[in-house]
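**Q** Questions regarding the structure given below will be posed in turn.
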Amino acid sequence: MNPDPAAKPRRRSLAEDAVNLPNLLTMGRIVAIPFFVWLLDVPTPVRGFWACIVFTLAAITDVLDGYLARKLGVVSVLGKFLDPLADKLIVMAALVWMVPMGRIPAWVVVLLLARELSVTGLRSVAASEGVIISAGQEGKTKTALQMIGIVALVLGYPYHLSYGPIDLGVVDLGHVGQLLVVLSLLFSFASAAQYVRLFAEAVEAKERKRSA
């Protein structure tokens with residue numbers, strides 16, 4: 001008997017979603033966090049190098065899992081929950097670990113944490129109202145600065161650097177990382193303000209439709 005072409009496709013179970021390749025990559029990022037902070041726990045250039053490798057691989061899988069989910073047609077509710085969670089967990093773990101190491105001020109991490117929690121709560125409320133708020137350019141710039149800054153903080157020691165024939169001399173990557181993360185803080189609050197504005201506009205537009 002031929003299947004009914006109008007029939008809806010069967011909804012995948014959570015167990016099936018959990019073992020698809022994109023979600024396995026996402027869960028791999030979460031599993032890597034204890035190993036990442038263990039490497040940072042004893043600050044040495046060698047352990048910092050390997051911690052940087054772990055963090056960079058996690059960042060690559062962050063891009064890869066979303067691409068594969070769309071390519072393979074396995075975008076799932078579980079993936080939508082786990083992907084941003086994994087990103088925030090490893091970024092926040094890295095930044096929190098940098099504080100006792102003296103590589104970044106505690107107030108910077110507190111402000112970044114407050115911003116992330118506030119925006120996550122706002123997006124959850126927006127989603128419950130049927131409003132989807134996409135990340136703007138400020139948010140993307142914030143993420144890029146944070147990722148590069150964290151890599152520099154994790155490496156965290158002075159290195160002699162050169163770019164082709166240009167000798168840059170000895171550069172303290174700890175200072176470079178701190179500067180980039182503090183700069184990302186400015187973009188963090190700019191993007192948070194944008195989220196609030198877009199949320200207010202979307203809610204007002206929805207209310208006007210209801211009253212029309």
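Simple scheme: letters A, B, ... for chains in structure tokens order, numbers from 1 for residues in each chain, numbers from 1 for ligands in the order shown.
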Can you pull out every residue within 7 Å of Tyr159 in chain A, counting only C-alpha atoms, but drop anything in the same chain fewer than 2 positions away, and send it as a PyMOL selection string?
**A** chain A and resi 157+161+170-172
**Q** Write out as a PyMOL selection string the residues lying within 12 Å of Trp38 in chain A, counting only C-alpha atoms and excluding same-chain residues fewer than 3 positions away.
**A** chain A and resi 32-35+41-44+47-48+50-51+54+93-94+97
**Q** Would you mind exporting the chosen residues as an mmCIF file, in the first residue's frame, restricted to N, CA, C and O atoms?
**A**
data_model
loop_
_atom_site.group_PDB
_atom_site.id
_atom_site.type_symbol
_atom_site.label_atom_id
_atom_site.label_comp_id
_atom_site.auth_asym_id
_atom_site.auth_seq_id
_atom_site.Cartn_x
_atom_site.Cartn_y
_atom_site.Cartn_z
ATOM 1 N N ALA A 32 33.053 18.059 27.331
ATOM 2 C CA ALA A 32 34.437 18.548 27.295
ATOM 3 C C ALA A 32 34.719 19.600 28.369
ATOM 4 O O ALA A 32 35.891 19.867 28.674
ATOM 5 N N ILE A 33 33.674 20.198 28.964
ATOM 6 C CA ILE A 33 33.887 21.292 29.909
ATOM 7 C C ILE A 33 34.704 20.864 31.127
ATOM 8 O O ILE A 33 35.667 21.557 31.507
ATOM 9 N N PRO A 34 34.394 19.727 31.804
ATOM 10 C CA PRO A 34 35.233 19.329 32.952
ATOM 11 C C PRO A 34 36.697 19.117 32.572
ATOM 12 O O PRO A 34 37.601 19.493 33.326
ATOM 13 N N PHE A 35 36.947 18.544 31.401
ATOM 14 C CA PHE A 35 38.321 18.334 30.947
ATOM 15 C C PHE A 35 39.003 19.675 30.688
ATOM 16 O O PHE A 35 40.178 19.883 31.021
ATOM 17 N N ASP A 41 43.222 24.205 35.567
ATOM 18 C CA ASP A 41 43.361 24.214 37.023
ATOM 19 C C ASP A 41 44.819 24.369 37.462
ATOM 20 O O ASP A 41 45.094 24.920 38.525
ATOM 21 N N VAL A 42 45.742 23.853 36.670
ATOM 22 C CA VAL A 42 47.173 24.025 36.944
ATOM 23 C C VAL A 42 47.745 24.849 35.794
ATOM 24 O O VAL A 42 48.036 24.317 34.726
ATOM 25 N N PRO A 43 47.860 26.169 35.981
ATOM 26 C CA PRO A 43 48.245 27.027 34.861
ATOM 27 C C PRO A 43 49.704 26.868 34.447
ATOM 28 O O PRO A 43 50.614 27.260 35.175
ATOM 29 N N THR A 44 49.910 26.247 33.307
ATOM 30 C CA THR A 44 51.226 26.142 32.687
ATOM 31 C C THR A 44 51.044 26.402 31.197
ATOM 32 O O THR A 44 49.938 26.215 30.666
ATOM 33 N N ARG A 47 49.646 23.141 29.450
ATOM 34 C CA ARG A 47 48.231 22.855 29.726
ATOM 35 C C ARG A 47 47.337 23.937 29.125
ATOM 36 O O ARG A 47 46.230 23.644 28.667
ATOM 37 N N GLY A 48 47.816 25.174 29.127
ATOM 38 C CA GLY A 48 47.061 26.237 28.490
ATOM 39 C C GLY A 48 46.903 26.000 26.999
ATOM 40 O O GLY A 48 45.842 26.272 26.426
ATOM 41 N N TRP A 50 46.808 23.041 25.470
ATOM 42 C CA TRP A 50 45.822 21.979 25.249
ATOM 43 C C TRP A 50 44.410 22.437 25.604
ATOM 44 O O TRP A 50 43.434 22.039 24.953
ATOM 45 N N ALA A 51 44.288 23.278 26.606
ATOM 46 C CA ALA A 51 42.971 23.848 26.927
ATOM 47 C C ALA A 51 42.474 24.706 25.769
ATOM 48 O O ALA A 51 41.278 24.698 25.436
ATOM 49 N N VAL A 54 41.080 22.410 23.123
ATOM 50 C CA VAL A 54 39.743 21.921 23.485
ATOM 51 C C VAL A 54 38.701 22.999 23.225
ATOM 52 O O VAL A 54 37.634 22.736 22.648
ATOM 53 N N ALA A 93 32.263 28.987 31.954
ATOM 54 C CA ALA A 93 33.251 28.206 32.704
ATOM 55 C C ALA A 93 34.644 28.782 32.494
ATOM 56 O O ALA A 93 35.427 28.929 33.450
ATOM 57 N N ALA A 94 34.965 29.122 31.238
ATOM 58 C CA ALA A 94 36.279 29.689 30.931
ATOM 59 C C ALA A 94 36.477 31.022 31.655
ATOM 60 O O ALA A 94 37.507 31.255 32.291
ATOM 61 N N TRP A 97 36.787 30.708 35.477
ATOM 62 C CA TRP A 97 38.082 30.117 35.847
ATOM 63 C C TRP A 97 39.218 31.126 35.715
ATOM 64 O O TRP A 97 40.243 31.006 36.369
#
**Q** To test your reading of the structure, identify every residue in range 23-182 of chain A that backbone DSSP assigns to strand (DSSP E or B), and report it as a PDB file with N, CA, C and O atoms, in the first residue's frame.
**A**
ATOM      1  N   PRO A 158      53.206  35.552  27.858  1.00  0.00           N
ATOM      2  CA  PRO A 158      53.892  36.320  26.812  1.00  0.00           C
ATOM      3  C   PRO A 158      54.513  35.385  25.769  1.00  0.00           C
ATOM      4  O   PRO A 158      55.133  34.379  26.117  1.00  0.00           O
ATOM      5  N   TYR A 159      54.307  35.711  24.504  1.00  0.00           N
ATOM      6  CA  TYR A 159      54.880  34.939  23.403  1.00  0.00           C
ATOM      7  C   TYR A 159      55.531  35.903  22.416  1.00  0.00           C
ATOM      8  O   TYR A 159      55.057  37.021  22.219  1.00  0.00           O
ATOM      9  N   HIS A 160      56.582  35.424  21.803  1.00  0.00           N
ATOM     10  CA  HIS A 160      57.214  36.210  20.743  1.00  0.00           C
ATOM     11  C   HIS A 160      56.456  35.917  19.451  1.00  0.00           C
ATOM     12  O   HIS A 160      56.439  34.783  18.972  1.00  0.00           O
ATOM     13  N   LEU A 161      55.809  36.941  18.876  1.00  0.00           N
ATOM     14  CA  LEU A 161      54.957  36.739  17.712  1.00  0.00           C
ATOM     15  C   LEU A 161      55.509  37.490  16.504  1.00  0.00           C
ATOM     16  O   LEU A 161      56.153  38.527  16.643  1.00  0.00           O
ATOM     17  N   SER A 162      55.223  36.917  15.347  1.00  0.00           N
ATOM     18  CA  SER A 162      55.575  37.587  14.091  1.00  0.00           C
ATOM     19  C   SER A 162      54.491  37.296  13.077  1.00  0.00           C
ATOM     20  O   SER A 162      53.816  36.263  13.135  1.00  0.00           O
ATOM     21  N   TYR A 163      54.311  38.223  12.148  1.00  0.00           N
ATOM     22  CA  TYR A 163      53.325  38.063  11.080  1.00  0.00           C
ATOM     23  C   TYR A 163      54.066  38.210   9.760  1.00  0.00           C
ATOM     24  O   TYR A 163      54.308  39.324   9.293  1.00  0.00           O
ATOM     25  N   ILE A 166      56.974  40.688   9.474  1.00  0.00           N
ATOM     26  CA  ILE A 166      56.800  41.700  10.523  1.00  0.00           C
ATOM     27  C   ILE A 166      56.993  41.065  11.898  1.00  0.00           C
ATOM     28  O   ILE A 166      56.277  40.134  12.277  1.00  0.00           O
ATOM     29  N   ASP A 167      57.975  41.547  12.624  1.00  0.00           N
ATOM     30  CA  ASP A 167      58.244  41.056  13.972  1.00  0.00           C
ATOM     31  C   ASP A 167      57.423  41.874  14.969  1.00  0.00           C
ATOM     32  O   ASP A 167      57.639  43.077  15.122  1.00  0.00           O
ATOM     33  N   LEU A 168      56.480  41.219  15.639  1.00  0.00           N
ATOM     34  CA  LEU A 168      55.609  41.907  16.591  1.00  0.00           C
ATOM     35  C   LEU A 168      56.217  41.981  17.985  1.00  0.00           C
ATOM     36  O   LEU A 168      55.651  42.605  18.875  1.00  0.00           O
ATOM     37  N   GLY A 169      57.334  41.304  18.173  1.00  0.00           N
ATOM     38  CA  GLY A 169      57.977  41.297  19.478  1.00  0.00           C
ATOM     39  C   GLY A 169      57.260  40.382  20.462  1.00  0.00           C
ATOM     40  O   GLY A 169      56.482  39.503  20.077  1.00  0.00           O
ATOM     41  N   VAL A 170      57.486  40.619  21.745  1.00  0.00           N
ATOM     42  CA  VAL A 170      56.853  39.807  22.789  1.00  0.00           C
ATOM     43  C   VAL A 170      55.486  40.404  23.117  1.00  0.00           C
ATOM     44  O   VAL A 170      55.376  41.581  23.470  1.00  0.00           O
ATOM     45  N   VAL A 171      54.452  39.580  22.978  1.00  0.00           N
ATOM     46  CA  VAL A 171      53.073  40.022  23.223  1.00  0.00           C
ATOM     47  C   VAL A 171      52.498  39.183  24.363  1.00  0.00           C
ATOM     48  O   VAL A 171      52.530  37.948  24.310  1.00  0.00           O
ATOM     49  N   ASP A 172      51.993  39.836  25.388  1.00  0.00           N
ATOM     50  CA  ASP A 172      51.344  39.138  26.505  1.00  0.00           C
ATOM     51  C   ASP A 172      49.900  38.842  26.105  1.00  0.00           C
ATOM     52  O   ASP A 172      49.056  39.752  26.094  1.00  0.00           O
TER      53      ASP A 172
END
**Q** Which residues are close to Ala114 in chain A, i.e. within 12 Å by only C-alpha atoms, leaving aside same-chain residues fewer than 5 positions away? Reply as a PyMOL selection string.
**A** chain A and resi 92+107-109+119-121+185+188-189+192
**Q** Quote the spacing between CA of Asp83 in chain A and CA of Val31 in chain A in Å to one decimal place.
**A** 12.9 Å
**Q** Out of range 30-170 of chain A, which residues get alpha helix (DSSP H) from DSSP, as an NGL selection string?
**A** :A and (30-41 or 45-72 or 77-98 or 106-128 or 137-155)
**Q** Let me make sure I understand: among A:Leu122, A:Ala152, A:Leu72, A:Leu57, which one has the smallest atom-to-atom distance to Leu95 in chain A if we use only C-alpha atoms?
**A**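 For Leu95 in chain A, the nearest of the given residues is A:Ala152.
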**Q** Nearest to Asn20 in chain A: which of A:Val37, A:Leu68, A:Leu85, A:Ala59 is it, counting only C-alpha atoms?
**A**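 Ranked by minimum distance to Asn20 in chain A, first place goes to A:Leu68.
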**Q** Report as a list in words all protein, DNA and RNA residues lying within 9 Å of Thr143 in chain A, evaluated on only C-alpha atoms, omitting residues in the same chain fewer than 4 positions from it.
**A**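 Listing them by chain and then by number gives Glu138, Gly139, Met147, Ile148, Ser184, Phe187 and Ser188 of chain A.
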**Q** Save out the residues we just selected, N, CA, C and O atoms, as an mmCIF file, in the first residue's frame.
**A**
data_model
loop_
_atom_site.group_PDB
_atom_site.id
_atom_site.type_symbol
_atom_site.label_atom_id
_atom_site.label_comp_id
_atom_site.auth_asym_id
_atom_site.auth_seq_id
_atom_site.Cartn_x
_atom_site.Cartn_y
_atom_site.Cartn_z
ATOM 1 N N GLU A 138 25.515 43.450 16.623
ATOM 2 C CA GLU A 138 26.221 43.676 17.886
ATOM 3 C C GLU A 138 26.446 42.370 18.627
ATOM 4 O O GLU A 138 27.526 42.129 19.176
ATOM 5 N N GLY A 139 25.422 41.501 18.628
ATOM 6 C CA GLY A 139 25.554 40.212 19.299
ATOM 7 C C GLY A 139 26.588 39.324 18.640
ATOM 8 O O GLY A 139 27.353 38.627 19.315
ATOM 9 N N MET A 147 35.097 34.983 21.937
ATOM 10 C CA MET A 147 35.776 33.737 21.590
ATOM 11 C C MET A 147 37.277 33.952 21.404
ATOM 12 O O MET A 147 38.099 33.199 21.937
ATOM 13 N N ILE A 148 37.644 34.991 20.641
ATOM 14 C CA ILE A 148 39.064 35.274 20.419
ATOM 15 C C ILE A 148 39.727 35.689 21.729
ATOM 16 O O ILE A 148 40.850 35.278 22.040
ATOM 17 N N SER A 184 34.228 43.250 24.374
ATOM 18 C CA SER A 184 32.997 42.494 24.078
ATOM 19 C C SER A 184 31.874 42.881 25.022
ATOM 20 O O SER A 184 30.696 42.768 24.685
ATOM 21 N N PHE A 187 29.779 45.621 23.483
ATOM 22 C CA PHE A 187 28.865 45.092 22.473
ATOM 23 C C PHE A 187 27.767 44.247 23.114
ATOM 24 O O PHE A 187 26.655 44.170 22.592
ATOM 25 N N SER A 188 28.081 43.611 24.261
ATOM 26 C CA SER A 188 27.080 42.808 24.970
ATOM 27 C C SER A 188 25.894 43.660 25.378
ATOM 28 O O SER A 188 24.732 43.285 25.180
#
**Q** Measuring atom to atom with only C-alpha atoms, identify which of A:Leu40, A:Val125, A:Val151, A:Val99 is nearest to Val196 in chain A.
**A**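 Among the listed residues, A:Val125 lies closest to Val196 in chain A.
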**Q** What is the distance between CA of Thr26 in chain A and CA of Ala86 in chain A, in Å to one decimal?
**A**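 A separation of 6.6 Å between them.
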